[in-house]
$ cat model17.cif   # mmCIF, C-alpha atoms
data_model
#
loop_
_atom_site.label_atom_id
_atom_site.label_comp_id
_atom_site.auth_asym_id
_atom_site.auth_seq_id
_atom_site.Cartn_x
_atom_site.Cartn_y
_atom_site.Cartn_z
CA TYR A 11 0.00 0.00 0.00
CA ILE A 12 2.84 2.39 0.88
CA TRP A 13 4.56 1.61 -2.43
CA TYR A 14 1.30 2.16 -4.33
CA THR A 15 0.68 5.48 -2.57
CA GLU A 16 4.22 6.67 -3.26
CA LYS A 17 3.89 5.70 -6.92
CA ARG A 18 0.62 7.63 -7.19
CA GLN A 19 2.23 10.69 -5.62
CA GLU A 20 5.22 10.37 -7.94
CA TYR A 21 2.93 10.09 -10.96
CA ARG A 22 0.90 13.08 -9.77
CA MET A 23 4.06 15.16 -9.32
CA THR A 24 5.34 14.10 -12.75
CA SER A 25 2.00 14.97 -14.40
CA GLN A 26 1.92 18.30 -12.61
CA GLY A 27 5.50 19.00 -13.70
CA ILE A 28 4.65 18.24 -17.33
CA TYR A 29 1.56 20.46 -17.02
CA TYR A 30 3.61 23.46 -15.85
CA LEU A 31 6.33 22.74 -18.39
CA ILE A 32 3.78 22.87 -21.21
CA ARG A 33 2.24 26.06 -19.79
CA ALA A 34 5.71 27.63 -19.68
CA LEU A 35 6.41 26.63 -23.30
CA VAL A 36 3.01 27.95 -24.37
CA ALA A 37 3.69 31.24 -22.60
CA LEU A 38 6.96 31.49 -24.56
CA VAL A 39 4.84 31.58 -27.73
CA ALA A 40 1.55 33.24 -26.78
CA ILE A 41 2.87 36.26 -24.87
CA PRO A 42 5.45 37.37 -27.48
CA PHE A 43 2.83 36.92 -30.21
CA HIS A 44 0.46 39.22 -28.30
CA GLU A 45 3.06 41.92 -27.67
CA CYS A 46 4.50 41.70 -31.18
CA GLY A 47 0.95 42.23 -32.47
CA HIS A 48 0.84 45.57 -30.67
CA ALA A 49 4.25 46.58 -32.03
CA LEU A 50 3.38 45.54 -35.59
CA ALA A 51 0.08 47.43 -35.59
CA ALA A 52 1.73 50.57 -34.21
CA TRP A 53 4.45 50.39 -36.87
CA LEU A 54 1.93 49.88 -39.68
CA LEU A 55 -0.07 52.85 -38.40
CA GLY A 56 2.98 55.12 -38.43
CA ASP A 57 4.58 54.79 -34.99
CA ASP A 58 7.97 53.08 -34.95
CA THR A 59 8.60 53.56 -31.20
CA ALA A 60 8.12 49.89 -30.34
CA LYS A 61 10.15 48.78 -33.36
CA ARG A 62 13.08 50.97 -32.30
CA GLN A 63 12.88 49.43 -28.84
CA GLY A 64 13.16 45.92 -30.29
CA ARG A 65 9.56 44.95 -29.55
CA LEU A 66 8.70 44.06 -33.14
CA SER A 67 10.00 40.57 -32.42
CA LEU A 68 8.83 37.12 -31.38
CA ASN A 69 11.86 36.77 -29.11
CA PRO A 70 10.34 36.07 -25.66
CA PHE A 71 13.10 37.97 -23.85
CA ALA A 72 12.11 41.17 -25.64
CA HIS A 73 8.72 41.12 -23.94
CA PHE A 74 8.84 39.13 -20.72
CA ASP A 75 8.42 40.52 -17.25
CA LEU A 76 9.75 37.78 -14.96
CA LEU A 77 7.13 38.14 -12.22
CA GLY A 78 4.31 38.54 -14.74
CA THR A 79 5.40 35.44 -16.63
CA LEU A 80 5.64 33.33 -13.47
CA CYS A 81 2.15 34.48 -12.48
CA MET A 82 0.90 33.54 -15.94
CA VAL A 83 2.36 30.04 -15.74
CA PHE A 84 1.46 29.20 -12.14
CA ALA A 85 -1.55 31.42 -11.39
CA GLY A 86 -3.17 31.69 -14.81
CA VAL A 87 -3.01 35.49 -15.06
CA GLY A 88 0.01 37.71 -15.52
CA TRP A 89 1.53 40.47 -17.62
CA ALA A 90 4.39 41.37 -19.94
CA LYS A 91 6.41 44.54 -20.41
CA PRO A 92 4.09 47.17 -21.91
CA VAL A 93 4.65 48.14 -25.54
CA SER A 94 5.49 51.84 -25.80
CA THR A 95 3.60 53.95 -28.32
CA ASP A 96 3.64 57.63 -29.21
CA PRO A 97 0.12 58.77 -30.22
CA ARG A 98 1.59 61.82 -31.96
CA ASN A 99 2.90 59.56 -34.71
CA PHE A 100 -0.58 58.34 -35.64
CA LYS A 101 -2.65 60.18 -38.22
CA ASN A 102 -5.61 59.74 -35.91
CA PRO A 103 -4.25 59.33 -32.35
CA LYS A 104 -7.48 57.97 -30.85
CA TRP A 105 -8.02 55.31 -33.47
CA GLY A 106 -4.30 54.60 -33.67
CA MET A 107 -4.15 53.81 -29.96
CA ALA A 108 -7.36 51.75 -30.12
CA LEU A 109 -6.29 49.67 -33.11
CA THR A 110 -2.81 49.13 -31.69
CA ALA A 111 -4.36 47.88 -28.45
CA LEU A 112 -6.80 45.57 -30.24
CA ALA A 113 -3.98 44.07 -32.32
CA GLY A 114 -2.73 42.12 -29.28
CA PRO A 115 -5.95 40.13 -28.71
CA ALA A 116 -6.36 39.80 -32.49
CA ALA A 117 -2.88 38.23 -32.70
CA ASN A 118 -3.83 35.76 -29.97
CA LEU A 119 -7.03 34.80 -31.80
CA LEU A 120 -5.05 34.24 -35.00
CA LEU A 121 -2.57 32.05 -33.15
CA ALA A 122 -5.43 30.18 -31.45
CA TYR A 123 -6.98 29.46 -34.85
CA LEU A 124 -3.69 28.19 -36.28
CA GLY A 125 -3.14 26.15 -33.13
CA MET A 126 -6.54 24.50 -33.45
CA VAL A 127 -5.89 23.70 -37.11
CA ALA A 128 -2.58 22.02 -36.18
CA TRP A 129 -4.22 20.28 -33.22
CA LYS A 130 -6.96 18.74 -35.38
CA ILE A 131 -4.51 17.66 -38.07
CA LEU A 132 -2.42 15.99 -35.39
CA TYR A 133 -5.49 14.38 -33.82
CA TYR A 134 -6.78 12.87 -37.06
CA TRP A 135 -3.64 11.91 -38.95
CA ALA A 136 -0.58 11.73 -36.70
CA PRO A 137 0.51 8.38 -35.25
CA THR A 138 0.08 8.02 -31.51
CA THR A 139 3.48 8.40 -29.87
CA MET A 140 4.79 10.15 -26.78
CA ILE A 141 5.96 13.02 -28.97
CA THR A 142 2.60 13.52 -30.68
CA ILE A 143 0.76 13.24 -27.35
CA PHE A 144 3.01 15.96 -25.91
CA ALA A 145 2.58 18.06 -29.06
CA ALA A 146 -1.20 17.67 -28.92
CA ARG A 147 -1.25 18.73 -25.28
CA PHE A 148 0.96 21.71 -26.15
CA LEU A 149 -1.39 22.77 -28.94
CA GLN A 150 -4.42 22.33 -26.68
CA TYR A 151 -2.95 24.61 -24.03
CA LEU A 152 -1.77 27.02 -26.73
CA VAL A 153 -5.34 27.46 -27.94
CA MET A 154 -6.64 27.73 -24.39
CA MET A 155 -4.08 30.35 -23.33
CA ASP A 156 -4.50 32.40 -26.49
CA VAL A 157 -8.28 32.41 -26.15
CA GLY A 158 -7.94 33.34 -22.48
CA LEU A 159 -5.50 36.16 -23.25
CA ALA A 160 -7.72 37.56 -26.00
CA VAL A 161 -10.91 37.48 -23.94
CA PHE A 162 -9.30 38.82 -20.77
CA ASN A 163 -7.51 41.67 -22.56
CA LEU A 164 -10.70 42.79 -24.29
CA ILE A 165 -12.26 43.71 -20.94
CA PRO A 166 -12.69 47.53 -21.16
CA ILE A 167 -10.92 48.17 -17.85
CA PRO A 168 -7.51 49.83 -17.55
CA PRO A 169 -4.79 48.85 -18.11
CA LEU A 170 -6.16 46.08 -20.34
CA ASP A 171 -6.22 46.50 -24.11
CA GLY A 172 -9.99 46.84 -24.17
CA SER A 173 -9.74 50.03 -22.14
CA ARG A 174 -8.10 51.80 -25.08
CA ILE A 175 -11.43 51.58 -26.91
CA LEU A 176 -12.79 53.91 -24.23
CA LEU A 177 -10.53 56.64 -25.64
CA VAL A 178 -12.60 56.51 -28.82
CA VAL A 179 -16.03 56.61 -27.17
CA LEU A 180 -15.40 58.72 -24.06
CA PRO A 181 -14.43 62.41 -23.78
CA GLN A 182 -10.70 62.73 -23.21
CA ARG A 183 -11.20 64.43 -19.84
CA ILE A 184 -13.19 61.51 -18.45
CA TYR A 185 -10.89 58.91 -20.00
CA PHE A 186 -7.72 60.37 -18.51
CA GLN A 187 -9.40 60.77 -15.12
CA ILE A 188 -10.07 57.02 -15.18
CA MET A 189 -6.51 56.29 -16.30
CA ARG A 190 -5.15 58.13 -13.24
CA TYR A 191 -6.25 55.11 -11.21
CA GLU A 192 -4.88 52.55 -13.65
CA ARG A 193 -2.56 50.82 -11.17
CA VAL A 194 -5.17 50.64 -8.42
CA ILE A 195 -7.73 49.23 -10.84
CA PHE A 196 -5.19 46.67 -12.07
CA VAL A 197 -4.50 45.42 -8.54
CA ILE A 198 -8.23 45.12 -7.86
CA LEU A 199 -8.70 43.29 -11.17
CA LEU A 200 -5.92 40.80 -10.39
CA ALA A 201 -7.41 40.18 -6.95
CA ALA A 202 -10.83 39.57 -8.51
CA VAL A 203 -9.36 37.09 -11.01
CA TRP A 204 -7.34 35.21 -8.38
CA ALA A 205 -10.40 35.08 -6.12
CA GLY A 206 -12.44 33.54 -8.95
CA VAL A 207 -14.95 36.39 -9.07
CA LEU A 208 -14.73 36.62 -12.87
CA ASP A 209 -14.55 32.88 -13.57
CA GLY A 210 -18.16 32.58 -14.68
CA VAL A 211 -18.15 35.51 -17.09
CA LEU A 212 -14.71 34.81 -18.52
CA GLY A 213 -15.48 31.10 -18.80
CA THR A 214 -18.62 31.83 -20.80
CA PHE A 215 -16.82 34.09 -23.27
CA ASN A 216 -13.93 31.63 -23.53
CA ASP A 217 -16.39 28.86 -24.40
CA VAL A 218 -18.03 31.05 -27.06
CA VAL A 219 -14.69 31.83 -28.70
CA TRP A 220 -13.64 28.18 -28.46
CA ASP A 221 -16.87 27.09 -30.18
CA LEU A 222 -16.34 29.67 -32.93
CA LEU A 223 -12.80 28.39 -33.51
CA ASP A 224 -14.10 24.83 -33.59
CA LEU A 225 -16.73 25.89 -36.10
CA GLY A 226 -14.16 27.77 -38.18
CA THR A 227 -11.96 24.67 -38.38
CA GLY A 228 -14.87 22.32 -39.00
CA TYR A 229 -13.69 21.74 -42.57
CA ILE A 230 -10.81 19.68 -41.13
CA ASP A 231 -13.31 17.46 -39.30
CA GLN A 232 -15.30 17.06 -42.50
CA ILE A 233 -12.21 16.12 -44.51
CA ALA A 234 -11.18 13.61 -41.86
CA TYR A 235 -14.65 12.04 -41.68
CA SER A 236 -14.90 11.88 -45.48
CA ALA A 237 -11.50 10.21 -45.73
CA TYR A 238 -12.44 7.71 -43.03
CA TYR A 239 -15.78 6.77 -44.56
CA ALA A 240 -14.19 6.59 -48.01
CA THR A 241 -11.84 3.89 -46.71
CA ILE A 242 -14.77 1.78 -45.53
CA GLY A 243 -16.89 2.44 -48.62
CA THR A 244 -19.50 4.69 -47.01
CA VAL A 245 -20.64 7.99 -48.49
CA ILE A 246 -21.57 10.89 -46.18
#
$ encode --input "model17.cif" --output "structure tokens"
Amino acid sequence: YIWYTEKRQEYRMTSQGIYYLIRALVALVAIPFHECGHALAAWLLGDDTAKRQGRLSLNPFAHFDLLGTLCMVFAGVGWAKPVSTDPRNFKNPKWGMALTALAGPAANLLLAYLGMVAWKILYYWAPTTMITIFAARFLQYLVMMDVGLAVFNLIPIPPLDGSRILLVVLPQRIYFQIMRYERVIFVILLAAVWAGVLDGVLGTFNDVVWDLLDLGTGYIDQIAYSAYYATIGTVI
């Protein structure tokens, strides 16, 4: 019994270690993609500040904040170094800031879509080995983290990306009054997330986005089913 219990604990620790390893590897991809999306949008809209600072890159070390990354891996919510922008370089500063902010979540949704495509291809056609199982788990968490990052960052609360939309719809005086309390609001938001207060709302939106991605990659399912039934002589 003691041997069995120790083996179960060892297996649990190994599984947990693999889980956090995969989350760390996923963070190495998802976070730089998000931040690079901001930098790319700003550059395309006329502001090269982030590019000059080396943020137009998928190199994780160009974007990572150590504490924020650790929180992302182990607590499920974190942050990266903010991408600097100069609104004066945009033809329309309000829309330039809003579109640059939205580019981060958009980049995550694009990566989530590509991840789901790769995941389904792996699921239907790759041989079952330890490597493909690990790759499938990686792709699963990649989609999950990207969807979570996109949904969370679209909340219109500072300092999240969704708050930049408020600059377009609110008078500047009111917007900048709100932004004065950005750090306080961020601490309250993190506390609410860690306490599980937003789990229901965020979970619902995550499920909606996941279903849309599944629907958008449904052609892969159809191809796989058609190929399978063709091999057994059945038409669908």
$ residues_around --input "model17.cif" --residues "Leu124 in chain A" --least-positions-apart "2" --cutoff "12 Å" --atoms "only C-alpha atoms" --output "compact mmCIF listing (two decimals) with C-alpha atoms, in the coordinates of the input"
# COMPACT_ATOMS: atom_id res chain seq x y z
CA ALA A 40 1.55 33.24 -26.78
CA ALA A 117 -2.88 38.23 -32.70
CA ASN A 118 -3.83 35.76 -29.97
CA LEU A 119 -7.03 34.80 -31.80
CA LEU A 120 -5.05 34.24 -35.00
CA LEU A 121 -2.57 32.05 -33.15
CA ALA A 122 -5.43 30.18 -31.45
CA MET A 126 -6.54 24.50 -33.45
CA VAL A 127 -5.89 23.70 -37.11
CA ALA A 128 -2.58 22.02 -36.18
CA TRP A 129 -4.22 20.28 -33.22
CA LYS A 130 -6.96 18.74 -35.38
CA ILE A 131 -4.51 17.66 -38.07
CA LEU A 149 -1.39 22.77 -28.94
CA GLN A 150 -4.42 22.33 -26.68
CA LEU A 152 -1.77 27.02 -26.73
CA VAL A 153 -5.34 27.46 -27.94
CA ASP A 156 -4.50 32.40 -26.49
CA VAL A 157 -8.28 32.41 -26.15
CA LEU A 223 -12.80 28.39 -33.51
CA ASP A 224 -14.10 24.83 -33.59
CA GLY A 226 -14.16 27.77 -38.18
CA THR A 227 -11.96 24.67 -38.38
$ resolve_selection --input "model17.cif" --expression "the PyMOL selection byres ((chain A and resi 70) around 12)" --output "tab-separated table (two decimals) with C-alpha atoms, in the coordinates of the input"
chain	number	residue	atom	x	y	z
A	34	ALA	CA	5.71	27.63	-19.68
A	35	LEU	CA	6.41	26.63	-23.30
A	36	VAL	CA	3.01	27.95	-24.37
A	37	ALA	CA	3.69	31.24	-22.60
A	38	LEU	CA	6.96	31.49	-24.56
A	39	VAL	CA	4.84	31.58	-27.73
A	40	ALA	CA	1.55	33.24	-26.78
A	41	ILE	CA	2.87	36.26	-24.87
A	42	PRO	CA	5.45	37.37	-27.48
A	43	PHE	CA	2.83	36.92	-30.21
A	44	HIS	CA	0.46	39.22	-28.30
A	45	GLU	CA	3.06	41.92	-27.67
A	46	CYS	CA	4.50	41.70	-31.18
A	64	GLY	CA	13.16	45.92	-30.29
A	65	ARG	CA	9.56	44.95	-29.55
A	66	LEU	CA	8.70	44.06	-33.14
A	67	SER	CA	10.00	40.57	-32.42
A	68	LEU	CA	8.83	37.12	-31.38
A	69	ASN	CA	11.86	36.77	-29.11
A	71	PHE	CA	13.10	37.97	-23.85
A	72	ALA	CA	12.11	41.17	-25.64
A	73	HIS	CA	8.72	41.12	-23.94
A	74	PHE	CA	8.84	39.13	-20.72
A	75	ASP	CA	8.42	40.52	-17.25
A	76	LEU	CA	9.75	37.78	-14.96
A	79	THR	CA	5.40	35.44	-16.63
A	90	ALA	CA	4.39	41.37	-19.94
A	91	LYS	CA	6.41	44.54	-20.41
$ residues_around --input "model17.cif" --residues "Ile188 in chain A" --least-positions-apart "6" --cutoff "12 Å" --atoms "all atoms listed in the file" --output "PyMOL selection string"
chain A and resi 166-169+173-174+176-177+180-182+194-196
$ atom_distance --input "model17.cif" --atom1 "CA of Tyr235 in chain A" --atom2 "CA of Tyr151 in chain A"
24.6 Å
$ axis_aligned_box --input "model17.cif" --around "range 183-193 of chain A" --padding-each-side "6 Å" --output "lines of an AutoDock Vina configuration file"
center_x = -7.9
center_y = 57.6
center_z = -15.6
size_x = 22.6
size_y = 25.6
size_z = 20.8
$ build_atoms --input "model17.cif" --residues "range 101-126 of chain A" --atoms "N, CA and C atoms" --output "mmCIF file, keeping the file's coordinate frame"
data_model
loop_
_atom_site.group_PDB
_atom_site.id
_atom_site.type_symbol
_atom_site.label_atom_id
_atom_site.label_comp_id
_atom_site.auth_asym_id
_atom_site.auth_seq_id
_atom_site.Cartn_x
_atom_site.Cartn_y
_atom_site.Cartn_z
ATOM 1 N N LYS A 101 -1.852 59.175 -37.524
ATOM 2 C CA LYS A 101 -2.650 60.180 -38.220
ATOM 3 C C LYS A 101 -3.884 60.535 -37.409
ATOM 4 N N ASN A 102 -4.480 59.533 -36.814
ATOM 5 C CA ASN A 102 -5.610 59.740 -35.910
ATOM 6 C C ASN A 102 -5.226 59.097 -34.573
ATOM 7 N N PRO A 103 -4.762 59.900 -33.599
ATOM 8 C CA PRO A 103 -4.250 59.330 -32.350
ATOM 9 C C PRO A 103 -5.236 58.419 -31.624
ATOM 10 N N LYS A 104 -6.502 58.793 -31.570
ATOM 11 C CA LYS A 104 -7.480 57.970 -30.850
ATOM 12 C C LYS A 104 -7.621 56.596 -31.478
ATOM 13 N N TRP A 105 -7.844 56.585 -32.790
ATOM 14 C CA TRP A 105 -8.020 55.310 -33.470
ATOM 15 C C TRP A 105 -6.701 54.541 -33.558
ATOM 16 N N GLY A 106 -5.595 55.265 -33.652
ATOM 17 C CA GLY A 106 -4.300 54.600 -33.670
ATOM 18 C C GLY A 106 -4.036 53.839 -32.389
ATOM 19 N N MET A 107 -4.331 54.469 -31.243
ATOM 20 C CA MET A 107 -4.150 53.810 -29.960
ATOM 21 C C MET A 107 -5.107 52.623 -29.810
ATOM 22 N N ALA A 108 -6.365 52.807 -30.252
ATOM 23 C CA ALA A 108 -7.360 51.750 -30.120
ATOM 24 C C ALA A 108 -7.002 50.529 -30.976
ATOM 25 N N LEU A 109 -6.618 50.777 -32.217
ATOM 26 C CA LEU A 109 -6.290 49.670 -33.110
ATOM 27 C C LEU A 109 -5.003 48.965 -32.681
ATOM 28 N N THR A 110 -4.035 49.734 -32.192
ATOM 29 C CA THR A 110 -2.810 49.130 -31.690
ATOM 30 C C THR A 110 -3.102 48.230 -30.495
ATOM 31 N N ALA A 111 -3.988 48.684 -29.619
ATOM 32 C CA ALA A 111 -4.360 47.880 -28.450
ATOM 33 C C ALA A 111 -5.096 46.607 -28.862
ATOM 34 N N LEU A 112 -6.008 46.729 -29.808
ATOM 35 C CA LEU A 112 -6.800 45.570 -30.240
ATOM 36 C C LEU A 112 -5.966 44.553 -31.008
ATOM 37 N N ALA A 113 -4.820 44.983 -31.539
ATOM 38 C CA ALA A 113 -3.980 44.070 -32.320
ATOM 39 C C ALA A 113 -3.423 42.938 -31.464
ATOM 40 N N GLY A 114 -3.238 43.174 -30.162
ATOM 41 C CA GLY A 114 -2.730 42.120 -29.280
ATOM 42 C C GLY A 114 -3.701 40.954 -29.173
ATOM 43 N N PRO A 115 -4.959 41.212 -28.740
ATOM 44 C CA PRO A 115 -5.950 40.130 -28.710
ATOM 45 C C PRO A 115 -6.189 39.512 -30.083
ATOM 46 N N ALA A 116 -6.157 40.334 -31.138
ATOM 47 C CA ALA A 116 -6.360 39.800 -32.490
ATOM 48 C C ALA A 116 -5.247 38.814 -32.845
ATOM 49 N N ALA A 117 -4.016 39.131 -32.444
ATOM 50 C CA ALA A 117 -2.880 38.230 -32.700
ATOM 51 C C ALA A 117 -3.079 36.910 -31.961
ATOM 52 N N ASN A 118 -3.576 36.983 -30.729
ATOM 53 C CA ASN A 118 -3.830 35.760 -29.970
ATOM 54 C C ASN A 118 -4.921 34.918 -30.617
ATOM 55 N N LEU A 119 -5.955 35.555 -31.138
ATOM 56 C CA LEU A 119 -7.030 34.800 -31.800
ATOM 57 C C LEU A 119 -6.517 34.143 -33.074
ATOM 58 N N LEU A 120 -5.654 34.832 -33.806
ATOM 59 C CA LEU A 120 -5.050 34.240 -35.000
ATOM 60 C C LEU A 120 -4.215 33.026 -34.632
ATOM 61 N N LEU A 121 -3.411 33.161 -33.588
ATOM 62 C CA LEU A 121 -2.570 32.050 -33.150
ATOM 63 C C LEU A 121 -3.424 30.894 -32.630
ATOM 64 N N ALA A 122 -4.517 31.219 -31.942
ATOM 65 C CA ALA A 122 -5.430 30.180 -31.450
ATOM 66 C C ALA A 122 -6.033 29.405 -32.616
ATOM 67 N N TYR A 123 -6.402 30.122 -33.668
ATOM 68 C CA TYR A 123 -6.980 29.460 -34.850
ATOM 69 C C TYR A 123 -5.948 28.520 -35.489
ATOM 70 N N LEU A 124 -4.733 29.026 -35.681
ATOM 71 C CA LEU A 124 -3.690 28.190 -36.280
ATOM 72 C C LEU A 124 -3.363 26.993 -35.385
ATOM 73 N N GLY A 125 -3.381 27.230 -34.071
ATOM 74 C CA GLY A 125 -3.140 26.150 -33.130
ATOM 75 C C GLY A 125 -4.199 25.065 -33.202
ATOM 76 N N MET A 126 -5.469 25.482 -33.367
ATOM 77 C CA MET A 126 -6.540 24.500 -33.450
ATOM 78 C C MET A 126 -6.463 23.717 -34.761
#
